[in-house]
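A short worksheet on the structure shown next.
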Amino acid sequence: VNACVDVVLSGVKLLEALGLEPSDGKNHAVLNSRQDLREAFAHFMERGAAAERFFSDAEAFQDIAQTASEHPTAQLYVGGNAALIGQKLATNPDLKILLCGPIGPKLHELLDDNVVVPPESMQERDEFHLILEYQAGEQWGRVRAPAANRFIFSHDLSNGALNMLEVFVSSLDEFQPDLVVLSGLHMMEGQSKEMRQRRLMEAVASISDIPTDIPIHLELASMTDQDFMSNIMHQQVFPLVNSIGLNEQELLFLTQSASGPHASLASWSGIPDVGVVSDILFWILKEHGKTAERASDLTRIHFHTLAYHILVTVDGHWGNQAAAVAAGARAAGTQACATDTIDTSKVFLKAPLEFVTSHTEAPSKISLNPDEPVVHWHREDISFHFTPVLVCKDPVRTVGLGDAISAEGLLYSEVYPQ
């Protein structure tokens, strides 16, 4: 239920177009003015760090968004996890996609013809997210960027409040889907604690109305509030969905929020250790997934990191896992390089060629065989399917890569009727 227009352009060019002079950097948790934007951009550019901020003044933001979207160098893309997953699935000519989110005229124009938007989802204005890029070594006044990165800001109230969730659920009766994909819970972090808690309970009530024979996949995204993450896990969201998609940052945050295995690990160093990742994935399905004693529907997790992907499933619920995890890995290589098929001259292997499958119990040691790149192992009643990724050397576009991976993996997954 999150959808927007991503406006991608050079940060320095936009600030110049707005008539803003270079300034000293200063961090602002919320941007209230152009002055705040100028200082925050300089602050993060100087560090070469990515950041995302909310711009509080609606009118000032509309002016900035108009200048940005009309800039000759600006590129406009479909944005928001839900819309990106919808777009990826819509490339399959046999599929019809229902997308609910705040959809303005520009976003509607950018969407694939196979994407159906209910009239209640349409609004007069687009939700613009401005993505200000800078290159390594780029100068703005006395600020010099040590690395390439981007600064993102928006005045996005609709996505933050999950405004379209009820519209989405009420549209399902007529649409009769084979699969429901949810995303956008992370957008609620911008709300006050009380508002967020109330909205989460309303979301749970809405999701509970979805017929139980329709599988539900939840795509997670970057979050910073451990209490909120813990609520999503414990207070009925995880048990209501059949499948989850996440990356290494979200996986580590999840185990830290709920004191799971390896929770003392502050951050990953280099490529995430396969054994550590497997322990956390196993724990999520054991603690929050479907068992004989627990009324949970969660039976599948699709984990993706740059170097490899793992698809974890509770036995008896899913089929075709090897093809699904391979399809996700293939999508990562082709989309990042913007090629139709994998071009071997443009990709390389970063995955470990040998690894252990656990650090908390007697592990097995696995060596990759190039002839059979998908490796399968078992732990109790849980199956693991691992594949290395052919990583793009010079990525053209990385926005929405995780969404494309999850969408492709879902397309190849077979769900067994229970």
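As shown in the structure tokens, the chain order sets the letters A, B, ...; within each chain, residues go from 1, and ligands are also counted from 1 in the order they appear.
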Find the spatial neighbours of stretch 147-152 of chain A, counting only C-alpha atoms, within a cut-off of 12 Å - ignore same-chain residues fewer than 4 positions away - and output them as a VMD selection string.
chain A and resid 6 to 12 14 30 to 31 37 to 55 65 128 to 139 156 398 to 399
For the selection you just gave me, I'd like the residues written to a file as a compact mmCIF listing (two decimals), in the first residue's frame, keeping N, CA and C atoms.
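That gives us selection_28.txt:
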```
# COMPACT_ATOMS: atom_id res chain seq x y z
N ASP A 6 9.35 8.54 -7.62
CA ASP A 6 10.73 8.86 -7.25
C ASP A 6 11.29 9.83 -8.28
N VAL A 7 11.70 11.01 -7.81
CA VAL A 7 12.35 11.98 -8.68
C VAL A 7 13.84 11.94 -8.37
N VAL A 8 14.63 11.44 -9.34
CA VAL A 8 16.06 11.25 -9.12
C VAL A 8 16.82 12.32 -9.89
N LEU A 9 17.65 13.08 -9.18
CA LEU A 9 18.48 14.08 -9.87
C LEU A 9 19.68 14.45 -9.00
N SER A 10 20.60 15.21 -9.57
CA SER A 10 21.78 15.67 -8.83
C SER A 10 21.35 16.64 -7.74
N GLY A 11 21.78 16.38 -6.50
CA GLY A 11 21.45 17.25 -5.37
C GLY A 11 21.97 18.65 -5.56
N VAL A 12 23.20 18.75 -6.04
CA VAL A 12 23.82 20.07 -6.24
C VAL A 12 23.03 20.86 -7.30
N LEU A 14 19.86 20.57 -8.09
CA LEU A 14 18.56 21.02 -7.55
C LEU A 14 18.75 22.24 -6.64
N VAL A 30 14.13 16.49 11.24
CA VAL A 30 13.02 16.83 10.35
C VAL A 30 13.40 18.10 9.61
N LEU A 31 13.07 18.21 8.34
CA LEU A 31 13.36 19.43 7.58
C LEU A 31 12.13 20.33 7.62
N LEU A 37 17.05 22.02 4.56
CA LEU A 37 17.41 21.10 3.46
C LEU A 37 18.86 21.32 3.04
N ARG A 38 19.22 22.60 2.88
CA ARG A 38 20.58 22.96 2.46
C ARG A 38 21.61 22.44 3.45
N GLU A 39 21.34 22.64 4.74
CA GLU A 39 22.30 22.22 5.78
C GLU A 39 22.38 20.70 5.90
N ALA A 40 21.23 20.04 5.85
CA ALA A 40 21.21 18.57 6.00
C ALA A 40 21.89 17.90 4.80
N PHE A 41 21.62 18.41 3.60
CA PHE A 41 22.26 17.84 2.41
C PHE A 41 23.78 17.96 2.53
N ALA A 42 24.27 19.16 2.93
CA ALA A 42 25.72 19.37 3.08
C ALA A 42 26.30 18.43 4.13
N HIS A 43 25.56 18.23 5.23
CA HIS A 43 26.01 17.37 6.34
C HIS A 43 26.26 15.95 5.85
N PHE A 44 25.30 15.39 5.10
CA PHE A 44 25.44 13.99 4.67
C PHE A 44 26.35 13.84 3.46
N MET A 45 26.35 14.84 2.59
CA MET A 45 27.24 14.79 1.43
C MET A 45 28.70 14.76 1.89
N GLU A 46 28.99 15.57 2.93
CA GLU A 46 30.36 15.64 3.48
C GLU A 46 30.81 14.28 4.01
N ARG A 47 29.85 13.48 4.48
CA ARG A 47 30.17 12.16 5.04
C ARG A 47 30.02 11.03 4.02
N GLY A 48 29.44 11.34 2.87
CA GLY A 48 29.18 10.29 1.88
C GLY A 48 28.17 9.28 2.38
N ALA A 49 27.23 9.74 3.25
CA ALA A 49 26.29 8.81 3.90
C ALA A 49 24.88 8.99 3.33
N ALA A 50 24.15 7.88 3.26
CA ALA A 50 22.75 7.94 2.82
C ALA A 50 21.87 8.40 3.99
N ALA A 51 20.80 9.12 3.68
CA ALA A 51 19.86 9.52 4.74
C ALA A 51 18.49 9.76 4.11
N GLU A 52 17.46 9.67 4.94
CA GLU A 52 16.10 9.93 4.48
C GLU A 52 15.41 10.80 5.53
N ARG A 53 14.77 11.90 5.09
CA ARG A 53 14.16 12.84 6.02
C ARG A 53 12.76 13.25 5.57
N PHE A 54 11.96 13.67 6.55
CA PHE A 54 10.60 14.17 6.30
C PHE A 54 10.66 15.68 6.21
N PHE A 55 9.99 16.27 5.20
CA PHE A 55 9.93 17.73 5.05
C PHE A 55 8.56 18.18 5.53
N ALA A 65 9.34 20.19 -5.04
CA ALA A 65 9.06 19.00 -5.85
C ALA A 65 8.78 19.38 -7.31
N PHE A 128 5.51 12.81 -4.16
CA PHE A 128 6.87 12.80 -4.72
C PHE A 128 7.90 12.49 -3.63
N HIS A 129 8.84 11.60 -3.93
CA HIS A 129 10.01 11.39 -3.07
C HIS A 129 11.21 11.89 -3.86
N LEU A 130 11.92 12.87 -3.31
CA LEU A 130 13.05 13.46 -4.03
C LEU A 130 14.35 12.76 -3.62
N ILE A 131 15.03 12.23 -4.61
CA ILE A 131 16.27 11.46 -4.37
C ILE A 131 17.43 12.26 -4.95
N LEU A 132 18.17 12.92 -4.06
CA LEU A 132 19.26 13.81 -4.48
C LEU A 132 20.57 13.04 -4.48
N GLU A 133 21.10 12.80 -5.65
CA GLU A 133 22.33 12.00 -5.77
C GLU A 133 23.56 12.91 -5.78
N TYR A 134 24.68 12.35 -5.31
CA TYR A 134 25.98 13.02 -5.50
C TYR A 134 27.02 11.94 -5.77
N GLN A 135 28.06 12.34 -6.51
CA GLN A 135 29.11 11.39 -6.92
C GLN A 135 30.33 11.51 -6.01
N ALA A 136 31.13 10.46 -5.98
CA ALA A 136 32.38 10.50 -5.20
C ALA A 136 33.26 11.63 -5.74
N GLY A 137 33.78 12.47 -4.83
CA GLY A 137 34.66 13.56 -5.24
C GLY A 137 33.93 14.81 -5.70
N GLU A 138 32.59 14.77 -5.75
CA GLU A 138 31.84 15.96 -6.19
C GLU A 138 31.93 17.07 -5.15
N GLN A 139 32.04 18.31 -5.63
CA GLN A 139 32.19 19.49 -4.74
C GLN A 139 30.91 20.30 -4.72
N ASP A 156 5.31 13.06 2.82
CA ASP A 156 4.43 11.97 2.41
C ASP A 156 3.59 11.52 3.60
N THR A 398 19.97 0.56 -8.59
CA THR A 398 19.80 -0.38 -7.47
C THR A 398 18.50 -0.14 -6.70
N VAL A 399 17.79 0.97 -6.97
CA VAL A 399 16.54 1.24 -6.26
C VAL A 399 15.53 0.15 -6.60
```
Counting only C-alpha atoms, what is within 12 Å of A:Ser171, bar same-chain residues fewer than 2 positions away, as an MDAnalysis selection string?
chainID A and resid 97:100 116:121 164:169 173:177 180 206 209:210
Using only C-alpha atoms, the shortest atom-to-atom distance to A:Leu410 among A:Met122, A:Leu368, A:Met201, A:Leu89 belongs to A:Leu89
Which of stretch 115-354 of chain A counts as helix (DSSP H, G or I) under DSSP, as a PyMOL selection string please?
chain A and resi 119-121+157-160+165-175+185-190+193-208+226-234+237-240+248-257+274-288+321-337+344-346
Using only C-alpha atoms, pick whichever of A:Asn242, A:Thr313, A:Thr341, A:Gln249 has the shortest atom-to-atom distance to A:Trp377.
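The answer is A:Thr313, which sits nearest to A:Trp377.
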Just how far from atom CA of A:Ala17 is atom CA of A:Pro72, in Å to one decimal?
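Answer for the atom CA of A:Pro72 to atom CA of A:Ala17 separation: 10.8 Å.
Of the residues under consideration (A:Thr339, A:Ser56, A:Arg196, A:Ala83), A:Ser56 shows the shortest atom-to-atom contact distance to A:Ala29 when counting only C-alpha atoms.
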Which one of A:Arg142, A:Asp273, A:Glu219, A:Leu265 sits closest to A:Gly25 if you count only C-alpha atoms?
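Smallest distance to A:Gly25 is found for A:Arg142.
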Per DSSP on the backbone, filter stretch 263-367 of chain A down to the residues in strand (DSSP E or B) and report them as an MDAnalysis selection string.
chainID A and resid 300:304 308:314 318:319 347:349 354:356 365:367
Go ahead and write the residues just picked, N, CA and C atoms, as a PDB file, in the first residue's frame.
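In the end it all went to selection38.pdb:
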```
ATOM      1  N   ARG A 300       7.324 -19.252   5.323  1.00  0.00           N
ATOM      2  CA  ARG A 300       8.315 -18.990   4.271  1.00  0.00           C
ATOM      3  C   ARG A 300       9.041 -17.669   4.529  1.00  0.00           C
ATOM      4  N   ILE A 301      10.368 -17.667   4.368  1.00  0.00           N
ATOM      5  CA  ILE A 301      11.149 -16.414   4.424  1.00  0.00           C
ATOM      6  C   ILE A 301      12.103 -16.393   3.237  1.00  0.00           C
ATOM      7  N   HIS A 302      12.081 -15.301   2.491  1.00  0.00           N
ATOM      8  CA  HIS A 302      13.010 -15.122   1.367  1.00  0.00           C
ATOM      9  C   HIS A 302      14.028 -14.059   1.791  1.00  0.00           C
ATOM     10  N   PHE A 303      15.247 -14.505   2.036  1.00  0.00           N
ATOM     11  CA  PHE A 303      16.319 -13.603   2.495  1.00  0.00           C
ATOM     12  C   PHE A 303      17.224 -13.259   1.316  1.00  0.00           C
ATOM     13  N   HIS A 304      17.519 -11.964   1.151  1.00  0.00           N
ATOM     14  CA  HIS A 304      18.440 -11.578   0.081  1.00  0.00           C
ATOM     15  C   HIS A 304      19.508 -10.619   0.589  1.00  0.00           C
ATOM     16  N   TYR A 308      24.412 -13.477  -1.904  1.00  0.00           N
ATOM     17  CA  TYR A 308      23.648 -14.739  -1.976  1.00  0.00           C
ATOM     18  C   TYR A 308      22.225 -14.541  -1.462  1.00  0.00           C
ATOM     19  N   HIS A 309      21.374 -15.514  -1.771  1.00  0.00           N
ATOM     20  CA  HIS A 309      19.987 -15.522  -1.279  1.00  0.00           C
ATOM     21  C   HIS A 309      19.709 -16.863  -0.608  1.00  0.00           C
ATOM     22  N   ILE A 310      18.817 -16.850   0.389  1.00  0.00           N
ATOM     23  CA  ILE A 310      18.368 -18.102   1.017  1.00  0.00           C
ATOM     24  C   ILE A 310      16.843 -18.080   1.099  1.00  0.00           C
ATOM     25  N   LEU A 311      16.216 -19.166   0.668  1.00  0.00           N
ATOM     26  CA  LEU A 311      14.770 -19.337   0.807  1.00  0.00           C
ATOM     27  C   LEU A 311      14.543 -20.421   1.859  1.00  0.00           C
ATOM     28  N   VAL A 312      13.834 -20.057   2.931  1.00  0.00           N
ATOM     29  CA  VAL A 312      13.618 -20.980   4.056  1.00  0.00           C
ATOM     30  C   VAL A 312      12.127 -21.275   4.150  1.00  0.00           C
ATOM     31  N   THR A 313      11.757 -22.556   4.223  1.00  0.00           N
ATOM     32  CA  THR A 313      10.336 -22.915   4.262  1.00  0.00           C
ATOM     33  C   THR A 313      10.077 -24.024   5.272  1.00  0.00           C
ATOM     34  N   VAL A 314       8.907 -23.975   5.901  1.00  0.00           N
ATOM     35  CA  VAL A 314       8.458 -25.070   6.763  1.00  0.00           C
ATOM     36  C   VAL A 314       7.949 -26.182   5.841  1.00  0.00           C
ATOM     37  N   TRP A 318       5.275 -25.423   0.848  1.00  0.00           N
ATOM     38  CA  TRP A 318       5.732 -24.765  -0.385  1.00  0.00           C
ATOM     39  C   TRP A 318       6.476 -25.755  -1.271  1.00  0.00           C
ATOM     40  N   GLY A 319       6.410 -25.509  -2.594  1.00  0.00           N
ATOM     41  CA  GLY A 319       7.178 -26.304  -3.545  1.00  0.00           C
ATOM     42  C   GLY A 319       7.941 -25.400  -4.494  1.00  0.00           C
ATOM     43  N   VAL A 347      29.262  -9.442 -14.668  1.00  0.00           N
ATOM     44  CA  VAL A 347      28.965  -9.896 -13.302  1.00  0.00           C
ATOM     45  C   VAL A 347      30.145 -10.643 -12.696  1.00  0.00           C
ATOM     46  N   PHE A 348      30.136 -10.748 -11.356  1.00  0.00           N
ATOM     47  CA  PHE A 348      31.176 -11.525 -10.676  1.00  0.00           C
ATOM     48  C   PHE A 348      30.573 -12.192  -9.447  1.00  0.00           C
ATOM     49  N   LEU A 349      31.318 -13.140  -8.886  1.00  0.00           N
ATOM     50  CA  LEU A 349      30.831 -13.923  -7.759  1.00  0.00           C
ATOM     51  C   LEU A 349      31.461 -13.400  -6.469  1.00  0.00           C
ATOM     52  N   GLU A 354      32.715 -21.876   0.381  1.00  0.00           N
ATOM     53  CA  GLU A 354      32.533 -22.863   1.455  1.00  0.00           C
ATOM     54  C   GLU A 354      31.939 -22.159   2.657  1.00  0.00           C
ATOM     55  N   PHE A 355      31.024 -22.815   3.365  1.00  0.00           N
ATOM     56  CA  PHE A 355      30.453 -22.202   4.564  1.00  0.00           C
ATOM     57  C   PHE A 355      29.876 -23.278   5.468  1.00  0.00           C
ATOM     58  N   VAL A 356      29.664 -22.909   6.748  1.00  0.00           N
ATOM     59  CA  VAL A 356      28.961 -23.818   7.664  1.00  0.00           C
ATOM     60  C   VAL A 356      27.514 -23.337   7.781  1.00  0.00           C
ATOM     61  N   LYS A 365      29.198 -28.693   6.806  1.00  0.00           N
ATOM     62  CA  LYS A 365      30.021 -27.800   6.001  1.00  0.00           C
ATOM     63  C   LYS A 365      29.650 -28.018   4.540  1.00  0.00           C
ATOM     64  N   ILE A 366      29.467 -26.938   3.825  1.00  0.00           N
ATOM     65  CA  ILE A 366      29.018 -27.042   2.437  1.00  0.00           C
ATOM     66  C   ILE A 366      30.025 -26.383   1.498  1.00  0.00           C
ATOM     67  N   SER A 367      30.342 -27.068   0.410  1.00  0.00           N
ATOM     68  CA  SER A 367      31.178 -26.493  -0.657  1.00  0.00           C
ATOM     69  C   SER A 367      30.302 -26.335  -1.892  1.00  0.00           C
TER      70      SER A 367
END
```
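If you count only C-alpha atoms and ignore residues fewer than 6 places along the chain from A:Ala205, what sits within 10 Å of it is Glu166, Arg199, Gln236 and Val237 of chain A.
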Any chance you could export the current selection's N, CA and C atoms as a PDB file, in the first residue's frame?
```pdb
ATOM      1  N   GLU A 166      -7.331  -0.054   3.864  1.00  0.00           N
ATOM      2  CA  GLU A 166      -8.733  -0.502   3.888  1.00  0.00           C
ATOM      3  C   GLU A 166      -9.324  -0.569   2.475  1.00  0.00           C
ATOM      4  N   ARG A 199      -2.871   2.632  14.524  1.00  0.00           N
ATOM      5  CA  ARG A 199      -2.927   2.287  13.087  1.00  0.00           C
ATOM      6  C   ARG A 199      -2.483   0.839  12.866  1.00  0.00           C
ATOM      7  N   GLN A 236       0.740  -9.942  16.256  1.00  0.00           N
ATOM      8  CA  GLN A 236      -0.182 -10.476  15.251  1.00  0.00           C
ATOM      9  C   GLN A 236       0.116 -10.204  13.783  1.00  0.00           C
ATOM     10  N   VAL A 237       1.130  -9.428  13.416  1.00  0.00           N
ATOM     11  CA  VAL A 237       1.356  -9.266  11.970  1.00  0.00           C
ATOM     12  C   VAL A 237       2.050 -10.503  11.402  1.00  0.00           C
TER      13      VAL A 237
END
```
